[in-house]
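Okay, query.tsv now, which holds TSV, C-alpha atoms:
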```tsv
chain	number	residue	atom	x	y	z
E	29	MET	CA	166.94	35.77	-48.84
E	30	ALA	CA	168.26	32.53	-47.38
E	31	ALA	CA	167.45	31.74	-43.77
E	32	ALA	CA	170.16	32.63	-41.29
E	33	ALA	CA	170.98	30.96	-37.99
E	34	THR	CA	172.79	32.57	-35.11
E	35	ALA	CA	175.88	31.09	-33.54
E	36	THR	CA	174.89	32.23	-30.07
E	37	ALA	CA	172.31	29.53	-29.45
E	38	PRO	CA	173.06	27.50	-26.31
E	39	SER	CA	175.05	24.34	-26.86
E	40	SER	CA	173.76	20.93	-25.86
E	41	PHE	CA	177.22	19.84	-24.70
E	42	PRO	CA	178.74	20.15	-21.18
E	43	SER	CA	182.25	21.67	-20.79
E	44	THR	CA	185.29	20.19	-22.53
E	45	ARG	CA	188.46	18.64	-21.26
E	46	VAL	CA	191.26	17.24	-23.36
E	47	HIS	CA	193.33	14.23	-22.41
E	48	LYS	CA	195.96	12.72	-24.68
E	49	PRO	CA	197.27	9.31	-23.70
E	50	THR	CA	198.81	6.88	-26.17
E	51	LEU	CA	197.43	5.93	-29.59
E	52	LEU	CA	196.53	9.55	-30.36
E	53	SER	CA	193.65	9.43	-27.89
E	54	PHE	CA	191.79	12.42	-26.56
E	55	ARG	CA	189.04	12.66	-24.01
E	56	VAL	CA	186.49	15.43	-24.03
E	57	SER	CA	183.24	15.89	-22.24
E	58	THR	CA	180.31	16.66	-24.41
E	59	LYS	CA	180.06	20.45	-24.65
E	60	LEU	CA	181.37	22.54	-27.47
E	61	ARG	CA	183.95	24.57	-25.57
E	62	ALA	CA	187.66	23.71	-25.82
E	63	THR	CA	189.98	23.75	-22.81
E	64	ALA	CA	192.25	26.25	-24.56
E	65	ALA	CA	189.53	28.54	-25.88
E	66	PRO	CA	190.27	30.52	-29.06
E	67	PRO	CA	190.29	34.29	-28.79
E	68	SER	CA	186.88	35.87	-28.43
E	69	ASP	CA	185.49	37.18	-31.71
E	70	PRO	CA	188.56	36.35	-33.83
E	71	ALA	CA	189.36	38.31	-36.99
E	72	PRO	CA	188.90	36.44	-40.29
E	73	ALA	CA	191.99	35.05	-41.97
E	74	PHE	CA	190.42	34.67	-45.44
E	75	ARG	CA	187.49	35.96	-47.44
E	76	SER	CA	186.45	32.42	-48.31
E	77	VAL	CA	187.64	28.88	-47.68
E	78	THR	CA	186.71	25.63	-49.42
E	79	ALA	CA	187.10	22.38	-47.49
E	80	PHE	CA	186.61	18.74	-48.43
E	81	ALA	CA	185.60	15.88	-46.15
E	82	PRO	CA	185.75	12.23	-47.19
E	83	ALA	CA	183.24	9.43	-47.10
E	84	THR	CA	183.38	7.14	-44.09
E	85	VAL	CA	182.73	3.49	-43.35
E	86	ALA	CA	181.18	3.15	-39.91
E	87	ASN	CA	180.92	0.03	-37.74
E	88	LEU	CA	183.39	-1.98	-39.85
E	89	GLY	CA	181.39	-5.10	-39.02
E	90	PRO	CA	181.59	-5.82	-35.28
E	91	GLY	CA	182.39	-2.24	-34.20
E	92	PHE	CA	178.83	-0.90	-34.07
E	93	ASP	CA	178.85	2.80	-33.11
E	94	PHE	CA	182.49	2.76	-32.01
E	95	LEU	CA	184.69	1.98	-35.04
E	96	GLY	CA	184.98	3.79	-38.35
E	97	CYS	CA	187.42	4.85	-41.04
E	98	ALA	CA	187.69	7.49	-43.75
E	99	VAL	CA	187.86	6.54	-47.43
E	100	ALA	CA	188.45	8.61	-50.55
E	101	GLU	CA	189.89	8.50	-54.05
E	102	ALA	CA	192.23	10.74	-56.01
E	103	SER	CA	189.60	12.97	-57.64
E	104	LEU	CA	188.00	13.82	-54.27
E	105	SER	CA	184.57	13.02	-55.67
E	106	LEU	CA	183.90	10.56	-52.85
E	107	GLY	CA	182.98	13.14	-50.25
E	108	ASP	CA	181.40	16.56	-49.76
E	109	THR	CA	182.81	20.05	-50.31
E	110	VAL	CA	181.78	23.23	-48.49
E	111	THR	CA	182.80	26.80	-49.24
E	112	ALA	CA	182.46	29.24	-46.33
E	113	THR	CA	182.45	32.92	-47.29
E	114	LEU	CA	182.32	36.10	-45.23
E	115	ASP	CA	178.97	37.70	-46.01
E	116	PRO	CA	178.49	41.34	-44.93
E	117	SER	CA	174.84	41.18	-45.92
E	118	LEU	CA	174.11	38.77	-43.06
E	119	PRO	CA	173.58	39.73	-39.43
E	120	ALA	CA	176.81	39.30	-37.46
E	121	GLY	CA	177.31	35.87	-35.94
E	122	THR	CA	174.85	34.12	-38.25
E	123	VAL	CA	175.07	31.45	-40.94
E	124	ALA	CA	173.12	31.19	-44.20
E	125	ILE	CA	173.20	28.59	-46.96
E	126	SER	CA	173.57	30.32	-50.32
E	127	GLY	CA	173.62	27.27	-52.57
E	128	ILE	CA	173.51	23.48	-52.76
E	129	THR	CA	174.66	21.49	-55.77
E	130	SER	CA	175.09	17.81	-56.50
E	131	PRO	CA	176.81	17.42	-59.89
E	132	ALA	CA	176.50	13.65	-60.07
E	133	ARG	CA	172.90	13.57	-58.76
E	134	PRO	CA	171.09	16.76	-59.88
E	135	ARG	CA	167.83	15.96	-58.08
E	136	LEU	CA	169.53	15.36	-54.76
E	137	ALA	CA	170.17	19.06	-54.11
E	138	ASP	CA	166.43	19.79	-54.23
E	139	ARG	CA	165.88	17.43	-51.30
E	140	LEU	CA	168.18	19.32	-48.93
E	141	SER	CA	166.97	22.22	-46.82
E	142	ARG	CA	168.58	25.64	-47.08
E	143	ASP	CA	167.57	26.38	-43.51
E	144	PRO	CA	170.93	26.21	-41.70
E	145	LEU	CA	169.28	24.68	-38.64
E	146	ARG	CA	167.86	21.85	-40.78
E	147	ASN	CA	170.97	21.15	-42.81
E	148	CYS	CA	173.99	19.14	-41.65
E	149	ALA	CA	176.49	21.68	-42.95
E	150	GLY	CA	174.56	24.58	-41.44
E	151	ILE	CA	174.26	23.04	-37.97
E	152	ALA	CA	177.99	22.26	-37.87
E	153	ALA	CA	178.88	25.75	-39.10
E	154	VAL	CA	176.74	27.36	-36.40
E	155	ALA	CA	178.41	25.14	-33.78
E	156	ALA	CA	181.88	26.02	-35.08
E	157	LEU	CA	181.13	29.77	-35.04
E	158	ARG	CA	179.90	29.44	-31.48
E	159	ALA	CA	183.02	27.54	-30.42
E	160	LEU	CA	185.21	30.18	-32.06
E	161	GLY	CA	183.31	33.00	-30.40
E	162	VAL	CA	182.63	34.80	-33.70
E	163	ARG	CA	180.23	37.71	-33.17
E	164	SER	CA	181.22	40.33	-35.77
E	165	HIS	CA	180.82	38.45	-39.06
E	166	GLY	CA	178.17	36.49	-40.89
E	167	VAL	CA	179.08	33.45	-42.98
E	168	SER	CA	177.36	31.99	-46.04
E	169	LEU	CA	177.87	28.38	-47.08
E	170	SER	CA	177.83	26.70	-50.46
E	171	LEU	CA	177.55	22.91	-50.30
E	172	ALA	CA	178.56	20.53	-53.09
E	173	LYS	CA	177.26	17.03	-52.36
E	174	GLY	CA	179.41	14.25	-53.69
E	175	LEU	CA	177.77	11.53	-51.61
E	176	PRO	CA	174.26	10.11	-52.01
E	177	LEU	CA	171.79	10.31	-49.15
E	178	GLY	CA	171.02	7.24	-47.08
E	179	SER	CA	173.91	5.32	-48.60
E	180	GLY	CA	175.84	4.20	-45.52
E	181	LEU	CA	178.86	6.30	-46.56
E	182	GLY	CA	178.55	9.03	-43.95
E	183	SER	CA	176.82	11.59	-46.15
E	184	SER	CA	175.62	13.77	-43.28
E	185	ALA	CA	178.99	13.54	-41.52
E	186	ALA	CA	180.87	14.60	-44.65
E	187	SER	CA	178.75	17.76	-44.97
E	188	ALA	CA	179.19	18.55	-41.29
E	189	ALA	CA	182.94	17.88	-41.28
E	190	ALA	CA	183.59	19.99	-44.37
E	191	ALA	CA	181.52	22.87	-42.96
E	192	ALA	CA	183.23	22.83	-39.57
E	193	LYS	CA	186.65	22.70	-41.20
E	194	ALA	CA	185.86	25.53	-43.65
E	195	VAL	CA	184.45	27.85	-40.98
E	196	ASP	CA	187.35	27.18	-38.61
E	197	ALA	CA	189.90	27.87	-41.36
E	198	LEU	CA	188.05	31.05	-42.33
E	199	PHE	CA	188.97	32.44	-38.91
E	200	GLY	CA	192.53	31.15	-38.73
E	201	SER	CA	192.16	27.45	-37.82
E	202	LEU	CA	191.87	28.10	-34.10
E	203	LEU	CA	189.86	25.08	-32.99
E	204	PRO	CA	191.63	21.93	-31.81
E	205	ARG	CA	190.69	18.77	-33.67
E	206	ASP	CA	188.38	17.64	-30.86
E	207	GLY	CA	186.57	20.98	-31.17
E	208	LEU	CA	185.96	20.27	-34.85
E	209	VAL	CA	184.66	16.78	-34.02
E	210	LEU	CA	182.27	18.19	-31.44
E	211	ALA	CA	180.97	20.79	-33.88
E	212	GLY	CA	180.28	18.02	-36.38
E	213	LEU	CA	178.82	15.79	-33.70
E	214	GLU	CA	176.26	18.44	-32.83
E	215	SER	CA	175.08	18.15	-36.43
E	216	GLU	CA	175.06	14.34	-36.34
E	217	LYS	CA	173.12	14.42	-33.08
E	218	ALA	CA	170.40	16.55	-34.67
E	219	VAL	CA	170.17	14.50	-37.86
E	220	SER	CA	170.90	10.85	-37.15
E	221	GLY	CA	171.70	10.43	-33.45
E	222	PHE	CA	174.57	10.83	-31.02
E	223	HIS	CA	177.17	8.57	-32.61
E	224	ALA	CA	180.66	9.59	-33.73
E	225	ASP	CA	181.81	6.64	-35.83
E	226	ASN	CA	181.27	8.69	-39.01
E	227	ILE	CA	182.07	12.26	-37.98
E	228	ALA	CA	185.27	11.39	-36.11
E	229	PRO	CA	187.04	9.69	-39.05
E	230	ALA	CA	185.59	12.28	-41.46
E	231	ILE	CA	187.52	14.95	-39.55
E	232	LEU	CA	190.49	13.04	-38.19
E	233	GLY	CA	191.06	10.63	-41.11
E	234	GLY	CA	192.22	7.02	-40.90
E	235	PHE	CA	190.75	4.57	-38.41
E	236	VAL	CA	189.12	5.95	-35.28
E	237	MET	CA	187.72	4.19	-32.22
E	238	VAL	CA	185.15	5.82	-29.97
E	239	ARG	CA	186.34	4.63	-26.59
E	240	SER	CA	183.36	6.07	-24.73
E	241	TYR	CA	180.54	8.56	-25.13
E	242	ASP	CA	180.35	9.63	-21.48
E	243	PRO	CA	182.92	10.99	-21.09
E	244	PHE	CA	183.43	11.40	-24.83
E	245	CYS	CA	186.79	9.87	-25.74
E	246	LEU	CA	188.24	9.13	-29.18
E	247	VAL	CA	191.29	7.07	-30.09
E	248	SER	CA	192.93	7.46	-33.50
E	249	LEU	CA	194.38	4.09	-34.54
E	250	PRO	CA	197.67	4.51	-36.42
E	251	CYS	CA	197.88	2.24	-39.42
E	252	PRO	CA	201.35	1.37	-40.83
E	253	PRO	CA	202.04	3.51	-43.95
E	254	ALA	CA	203.10	0.44	-45.93
E	255	LEU	CA	199.63	-1.09	-45.69
E	256	ARG	CA	197.90	-0.64	-49.09
E	257	LEU	CA	194.37	-1.05	-47.81
E	258	CYS	CA	191.62	-0.47	-50.34
E	259	PHE	CA	187.85	-0.62	-50.12
E	260	VAL	CA	185.42	-1.75	-52.80
E	261	LEU	CA	182.26	0.26	-52.19
E	262	VAL	CA	179.16	-0.96	-54.02
E	263	THR	CA	176.03	1.14	-53.61
E	264	PRO	CA	172.70	-0.19	-54.90
E	265	ASP	CA	169.88	2.03	-56.12
E	266	PHE	CA	168.14	1.74	-52.78
E	267	GLU	CA	167.97	4.04	-49.76
E	268	ALA	CA	168.38	2.74	-46.22
E	269	PRO	CA	167.54	5.58	-43.81
E	270	THR	CA	169.60	5.35	-40.62
E	271	SER	CA	166.48	5.68	-38.47
E	272	LYS	CA	164.85	2.68	-40.14
E	273	MET	CA	167.98	0.56	-39.94
E	274	ARG	CA	168.46	1.41	-36.27
E	275	ALA	CA	164.87	0.51	-35.51
E	276	ALA	CA	165.58	-3.01	-36.79
E	277	LEU	CA	168.33	-3.66	-34.24
E	278	PRO	CA	167.70	-6.21	-31.50
E	279	LYS	CA	166.86	-4.84	-28.05
E	280	ASN	CA	168.60	-7.74	-26.33
E	281	ILE	CA	171.54	-9.91	-27.39
E	282	ALA	CA	172.84	-13.25	-26.23
E	283	MET	CA	175.97	-13.26	-24.10
E	284	GLY	CA	177.66	-15.56	-26.59
E	285	HIS	CA	177.09	-13.11	-29.43
E	286	HIS	CA	178.40	-10.28	-27.26
E	287	VAL	CA	181.59	-12.20	-26.53
E	288	ARG	CA	182.10	-13.15	-30.18
E	289	ASN	CA	181.55	-9.61	-31.41
E	290	SER	CA	183.83	-8.15	-28.76
E	291	SER	CA	186.63	-10.51	-29.71
E	292	GLN	CA	186.22	-9.72	-33.40
E	293	ALA	CA	186.23	-5.96	-32.75
E	294	ALA	CA	189.42	-6.38	-30.73
E	295	ALA	CA	190.92	-8.43	-33.57
E	296	LEU	CA	190.04	-5.69	-36.05
E	297	VAL	CA	191.80	-3.05	-33.92
E	298	ALA	CA	194.84	-5.35	-33.65
E	299	GLY	CA	194.81	-5.82	-37.41
E	300	VAL	CA	194.82	-2.06	-37.98
E	301	LEU	CA	197.68	-1.45	-35.57
E	302	GLN	CA	199.72	-4.34	-36.99
E	303	GLY	CA	198.96	-3.53	-40.61
E	304	ASP	CA	197.46	-6.99	-41.13
E	305	ALA	CA	194.96	-6.66	-43.99
E	306	ALA	CA	193.84	-10.29	-43.74
E	307	LEU	CA	193.02	-9.93	-40.06
E	308	ILE	CA	191.16	-6.68	-40.71
E	309	GLY	CA	189.08	-8.34	-43.42
E	310	SER	CA	188.35	-11.48	-41.45
E	311	ALA	CA	187.23	-9.51	-38.39
E	312	MET	CA	185.18	-7.10	-40.49
E	313	SER	CA	183.23	-10.06	-41.91
E	314	SER	CA	182.44	-11.42	-38.45
E	315	ASP	CA	179.55	-9.41	-37.06
E	316	PHE	CA	177.05	-11.65	-35.27
E	317	ILE	CA	174.69	-8.97	-33.98
E	318	VAL	CA	174.00	-6.05	-36.34
E	319	GLU	CA	174.65	-7.42	-39.82
E	320	PRO	CA	172.29	-10.42	-39.41
E	321	THR	CA	169.39	-8.06	-38.61
E	322	ARG	CA	170.14	-5.45	-41.28
E	323	ALA	CA	171.24	-7.61	-44.22
E	324	PRO	CA	167.71	-9.02	-44.87
E	325	LEU	CA	166.46	-5.42	-45.26
E	326	ILE	CA	168.86	-4.81	-48.16
E	327	PRO	CA	167.84	-6.94	-51.16
E	328	GLY	CA	170.67	-9.23	-52.25
E	329	MET	CA	173.14	-8.27	-49.50
E	330	ALA	CA	173.93	-11.82	-48.42
E	331	ALA	CA	174.64	-12.82	-52.02
E	332	VAL	CA	176.77	-9.70	-52.54
E	333	LYS	CA	178.91	-10.57	-49.53
E	334	ALA	CA	179.34	-14.14	-50.73
E	335	ALA	CA	180.29	-12.93	-54.22
E	336	ALA	CA	182.92	-10.55	-52.83
E	337	LEU	CA	184.56	-13.24	-50.72
E	338	GLU	CA	184.49	-15.76	-53.56
E	339	ALA	CA	186.18	-13.19	-55.83
E	340	GLY	CA	189.07	-12.75	-53.41
E	341	ALA	CA	188.04	-10.00	-51.00
E	342	LEU	CA	189.59	-10.30	-47.56
E	343	GLY	CA	186.31	-9.35	-45.92
E	344	CYS	CA	182.92	-7.81	-46.63
E	345	THR	CA	180.14	-6.24	-44.59
E	346	ILE	CA	177.52	-3.48	-44.65
E	347	SER	CA	178.96	0.04	-44.60
E	348	GLY	CA	177.30	1.92	-41.75
E	349	ALA	CA	173.54	1.49	-41.85
E	350	GLY	CA	173.73	0.46	-45.52
E	351	PRO	CA	172.79	-0.18	-48.22
E	352	THR	CA	176.40	0.13	-49.45
E	353	ALA	CA	178.38	-3.09	-49.25
E	354	VAL	CA	182.07	-2.67	-48.48
E	355	ALA	CA	184.74	-5.22	-49.29
E	356	VAL	CA	188.33	-4.82	-48.13
E	357	ILE	CA	191.36	-5.74	-50.26
E	358	GLU	CA	195.10	-5.13	-50.14
E	359	GLY	CA	196.10	-3.17	-53.21
E	360	GLU	CA	193.80	-2.25	-56.09
E	361	GLU	CA	194.60	-5.13	-58.44
E	362	LYS	CA	191.47	-7.18	-57.69
E	363	GLY	CA	189.22	-4.18	-57.13
E	364	GLU	CA	187.47	-4.01	-60.49
E	365	GLU	CA	186.76	-7.74	-60.66
E	366	ILE	CA	185.40	-7.85	-57.12
E	367	ALA	CA	183.26	-4.78	-57.81
E	368	ARG	CA	181.85	-6.40	-60.96
E	369	ARG	CA	180.91	-9.57	-59.06
E	370	MET	CA	179.22	-7.57	-56.31
E	371	ILE	CA	177.26	-5.46	-58.82
E	372	ASP	CA	176.14	-8.63	-60.61
E	373	ALA	CA	174.96	-10.14	-57.32
E	374	PHE	CA	172.92	-7.06	-56.43
E	375	LEU	CA	171.26	-7.21	-59.84
E	376	SER	CA	170.70	-10.97	-60.12
E	377	VAL	CA	169.58	-11.62	-56.54
E	378	GLY	CA	168.43	-8.26	-55.20
E	379	LYS	CA	167.06	-6.95	-58.54
E	380	LEU	CA	168.90	-3.69	-57.84
E	381	LYS	CA	171.21	-1.72	-60.07
E	382	ALA	CA	174.40	-0.65	-58.33
E	383	THR	CA	177.50	1.47	-58.81
E	384	ALA	CA	180.99	0.80	-57.49
E	385	THR	CA	184.05	2.74	-56.42
E	386	VAL	CA	187.44	1.40	-55.40
E	387	ALA	CA	188.72	3.75	-52.70
E	388	GLN	CA	191.78	4.01	-50.51
E	389	LEU	CA	192.06	4.59	-46.79
E	390	ASP	CA	191.96	8.37	-46.37
E	391	ARG	CA	194.52	9.28	-43.72
E	392	ALA	CA	194.01	13.06	-43.90
E	393	GLY	CA	190.34	13.56	-43.08
E	394	ALA	CA	188.71	16.96	-43.58
E	395	ARG	CA	191.07	19.43	-45.24
E	396	VAL	CA	191.20	22.84	-46.85
E	397	ILE	CA	191.52	22.63	-50.63
E	398	SER	CA	191.41	26.32	-51.58
E	399	THR	CA	191.26	29.81	-50.06
E	400	SER	CA	190.53	33.34	-51.19
E	401	GLY	CA	192.42	36.11	-49.40
E	402	LEU	CA	191.04	39.24	-47.80
E	403	GLU	CA	190.98	42.27	-50.07
```
Could you write out this file's structure as structure tokens?
Amino acid sequence: MAAAATATAPSSFPSTRVHKPTLLSFRVSTKLRATAAPPSDPAPAFRSVTAFAPATVANLGPGFDFLGCAVAEASLSLGDTVTATLDPSLPAGTVAISGITSPARPRLADRLSRDPLRNCAGIAAVAALRALGVRSHGVSLSLAKGLPLGSGLGSSAASAAAAAKAVDALFGSLLPRDGLVLAGLESEKAVSGFHADNIAPAILGGFVMVRSYDPFCLVSLPCPPALRLCFVLVTPDFEAPTSKMRAALPKNIAMGHHVRNSSQAAALVAGVLQGDAALIGSAMSSDFIVEPTRAPLIPGMAAVKAAALEAGALGCTISGAGPTAVAVIEGEEKGEEIARRMIDAFLSVGKLKATATVAQLDRAGARVISTSGLE
């Protein structure tokens, strides 16, 4: 029988407050308890719910740990899917993982733990059950991994976001969006550190800025609907664990680099709000602190960036901790050619095979894609 985890474990977050100023901002402290708490031990609304959460691009160049966006494509293969099902065989208030698949990467599923307290989806599901106050039902999870591990595409965040969304929907979608983010963030904290630049856009969609971590405050950045922003994502056959890539970061930075990065991050936010793809791309390419320390750890990255820009990309940088390289374009017309040039550069300079996807900005974030009613 699969391991089960209770939802009554104490949370690591202090109490929550919600504040909503302009730009779709909300402020919450860091405990998984919403200001308007859902009813205690809510009744289930469905027998099972399947939710999808998209890939994410964190940092976006100069926005280390505070900027990120969600990306996806029409087939919803660029992301993770979780099915949450009421399971009467489980002790009430517990979570179990009944299955893990990875259709595109069969061996990947064997690397993931089925212990819900050692799995991103399981940790988020436990946190969501606790926030909901569920005590009378057990929930089993089935995870379908669409994202590779250690790719810089928010793989852990996608699993956590999809699980939190599925569990919340199973009991009537009672959690506010910040509650979902905090449930996912508890998973991220356990797996890769307390940073929300993946989990926030995975749940909220679009561009998201983490204004502060103490108190925890997010700002969703509205992007004009007319902007046809696309992302060329090129992932080499090479893993870059977040822990290793974080260990490479400088402990001290020069004031000049701080000023330059701050100005570029501000320019990127302005570009998003104004719908200026060229400004977004230019700012994304202008990281003077993190990219210079991480790029040498990814074979061929500097050449890949140069190839993307020469082929017409508006900007290029490392996606999250890497090794995926992300180039930004307006419209899909140049996507295939830019992807080909980037793949060639990874192979010729880095001696790495790579795959590419041309994705769009995902404005929806985590969402329910199917349900099964109560009998």
- Message: What's the separation between atom CA of Leu171 of chain E and atom CA of Thr385 of chain E, in Å to one decimal place?
- Response: 22.1 Å
- Item | Spatial neighbours of segment 180-191 of chain E, max dist 7 Å, all atoms listed in the file, sep filter under 5 positions, as a ChimeraX atom specification | /E:79-85,107-110,148-149,152-153,175,212,215-216,226-227,230-231,347-352,394
- Between E:Phe259, E:Phe222, E:Phe74, E:Phe94, single out the one closest to Thr345 of chain E, counting all atoms listed in the file. E:Phe259
- Task: Compile the contact shell of Leu169 of chain E as a list of chain:residue names: residues with an atom at most 10 Å away, counting only C-alpha atoms, same-chain residues fewer than 2 positions apart removed.
- Result: E:Ser76, E:Val77, E:Thr78, E:Val110, E:Thr111, E:Ala112, E:Thr113, E:Leu114, E:Asp115, E:Val123, E:Ala124, E:Ile125, E:Ser126, E:Gly127, E:Ile128, E:Arg142, E:Pro144, E:Ala149, E:Gly150, E:Ala153, E:Val167, E:Leu171, E:Ala172, E:Ala191, E:Ala194, E:Val195
- Task: Please provide as an MDAnalysis selection string all residues within 8 Å of segment 300-302 of chain E, with the sequence filter that same-chain residues fewer than 3 positions apart are discarded (counting only C-alpha atoms).
- Result: chainID E and resid 235 249:252 296:297 305 308
- Note on the structure: Restricting to all atoms listed in the file, whichever of E:Ala331, E:Ile326, E:Ala306, E:Ile371 is closest to Leu255 of chain E is E:Ala306
- Task: Identify, on the basis of all atoms listed in the file, every residue whose closest approach to Leu389 of chain E does not exceed 9 Å; exclude the query and any residue fewer than 2 positions from it along the same chain; express the result as number ranges by chain.
- Result: E: 97-101, 233-235, 256-259, 387, 391
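The space separating atom CA of Glu319 of chain E from atom CA of Leu375 of chain E comes to 20.3 Å.
Checking E:Cys245, E:Leu202, E:Val219, E:Val356 one by one against Ala339 of chain E, counting all atoms listed in the file, you find the shortest gap at E:Val356.
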- Message: Can you pull out the residues contacting Phe266 of chain E? Cut-off 9 Å, using all atoms listed in the file, and skip same-chain residues under 6 positions away; I want them as a VMD selection string.
- Response: chain E and resid 178 to 179 326 to 327 351 380 to 382
- Message: Please compute the atom CA of Ala33 of chain E-atom CA of Leu140 of chain E distance, one decimal, in Å.
- Response: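 Atom CA of Leu140 of chain E lies at a distance of 16.2 Å from atom CA of Ala33 of chain E.
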- What residues have an atom no more than 6 Å from (181.4, -7.6, -38.6) in the file's own frame, counting all atoms listed in the file, and can you write them as a ChimeraX atom specification? /E:89-90,312-315
Restricted to C-alpha atoms, what would the selected residues look like written as a CSV table (one decimal), in the coordinates of the input?
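Final file, part_31.csv:
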```
chain,number,residue,atom,x,y,z
E,89,GLY,CA,181.4,-5.1,-39.0
E,90,PRO,CA,181.6,-5.8,-35.3
E,312,MET,CA,185.2,-7.1,-40.5
E,313,SER,CA,183.2,-10.1,-41.9
E,314,SER,CA,182.4,-11.4,-38.4
E,315,ASP,CA,179.6,-9.4,-37.1
```
- Query: Pick the closest to Asp69 of chain E from E:Ala341, E:Leu95, E:Leu157, E:Ala311: which is it, counting all atoms listed in the file?
  - Reply: E:Leu157
- Message: Which residue is closest to Gly96 of chain E? Choose from E:Val262, E:Ile317, E:Val377, E:Met237 and count all atoms listed in the file.
- Response: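 Closest to Gly96 of chain E, using all atoms listed in the file: E:Met237.
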- Task: Rank E:Ile366, E:Phe316, E:Ala254, E:Ala159 by their smallest atom-to-atom distance to His285 of chain E, using only C-alpha atoms, and report the top residue only.
- Result: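 Selected residue with least distance to His285 of chain E: E:Phe316.
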Return segment 360-377 of chain E, completed with N, CA and C atoms, as a compact mmCIF listing (two decimals), in the frame of the given file.
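Contents of the output file selection-v7.txt:
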```txt
# COMPACT_ATOMS: atom_id res chain seq x y z
N GLU E 360 194.97 -2.46 -55.24
CA GLU E 360 193.80 -2.25 -56.09
C GLU E 360 193.63 -3.30 -57.19
N GLU E 361 194.57 -4.24 -57.28
CA GLU E 361 194.60 -5.13 -58.44
C GLU E 361 193.30 -5.91 -58.65
N LYS E 362 192.69 -6.38 -57.57
CA LYS E 362 191.47 -7.18 -57.69
C LYS E 362 190.20 -6.33 -57.59
N GLY E 363 190.36 -5.04 -57.42
CA GLY E 363 189.22 -4.18 -57.13
C GLY E 363 188.13 -4.21 -58.17
N GLU E 364 188.49 -4.06 -59.44
CA GLU E 364 187.47 -4.01 -60.49
C GLU E 364 186.71 -5.32 -60.63
N GLU E 365 187.42 -6.44 -60.53
CA GLU E 365 186.76 -7.74 -60.66
C GLU E 365 185.82 -8.00 -59.49
N ILE E 366 186.26 -7.67 -58.28
CA ILE E 366 185.40 -7.85 -57.12
C ILE E 366 184.19 -6.94 -57.21
N ALA E 367 184.38 -5.71 -57.65
CA ALA E 367 183.26 -4.78 -57.81
C ALA E 367 182.25 -5.32 -58.82
N ARG E 368 182.75 -5.87 -59.93
CA ARG E 368 181.85 -6.40 -60.96
C ARG E 368 181.01 -7.55 -60.40
N ARG E 369 181.64 -8.44 -59.64
CA ARG E 369 180.91 -9.57 -59.06
C ARG E 369 179.84 -9.11 -58.07
N MET E 370 180.17 -8.09 -57.29
CA MET E 370 179.22 -7.57 -56.31
C MET E 370 178.04 -6.88 -57.00
N ILE E 371 178.33 -6.11 -58.05
CA ILE E 371 177.26 -5.46 -58.82
C ILE E 371 176.34 -6.51 -59.44
N ASP E 372 176.93 -7.56 -60.00
CA ASP E 372 176.14 -8.63 -60.61
C ASP E 372 175.23 -9.29 -59.58
N ALA E 373 175.75 -9.49 -58.37
CA ALA E 373 174.96 -10.14 -57.32
C ALA E 373 173.79 -9.26 -56.89
N PHE E 374 174.02 -7.96 -56.76
CA PHE E 374 172.92 -7.06 -56.43
C PHE E 374 171.83 -7.14 -57.50
N LEU E 375 172.24 -7.20 -58.77
CA LEU E 375 171.26 -7.21 -59.84
C LEU E 375 170.54 -8.55 -59.95
N SER E 376 171.30 -9.65 -59.89
CA SER E 376 170.70 -10.97 -60.12
C SER E 376 169.86 -11.45 -58.94
N VAL E 377 170.29 -11.13 -57.72
CA VAL E 377 169.58 -11.62 -56.54
C VAL E 377 168.67 -10.54 -55.93
```
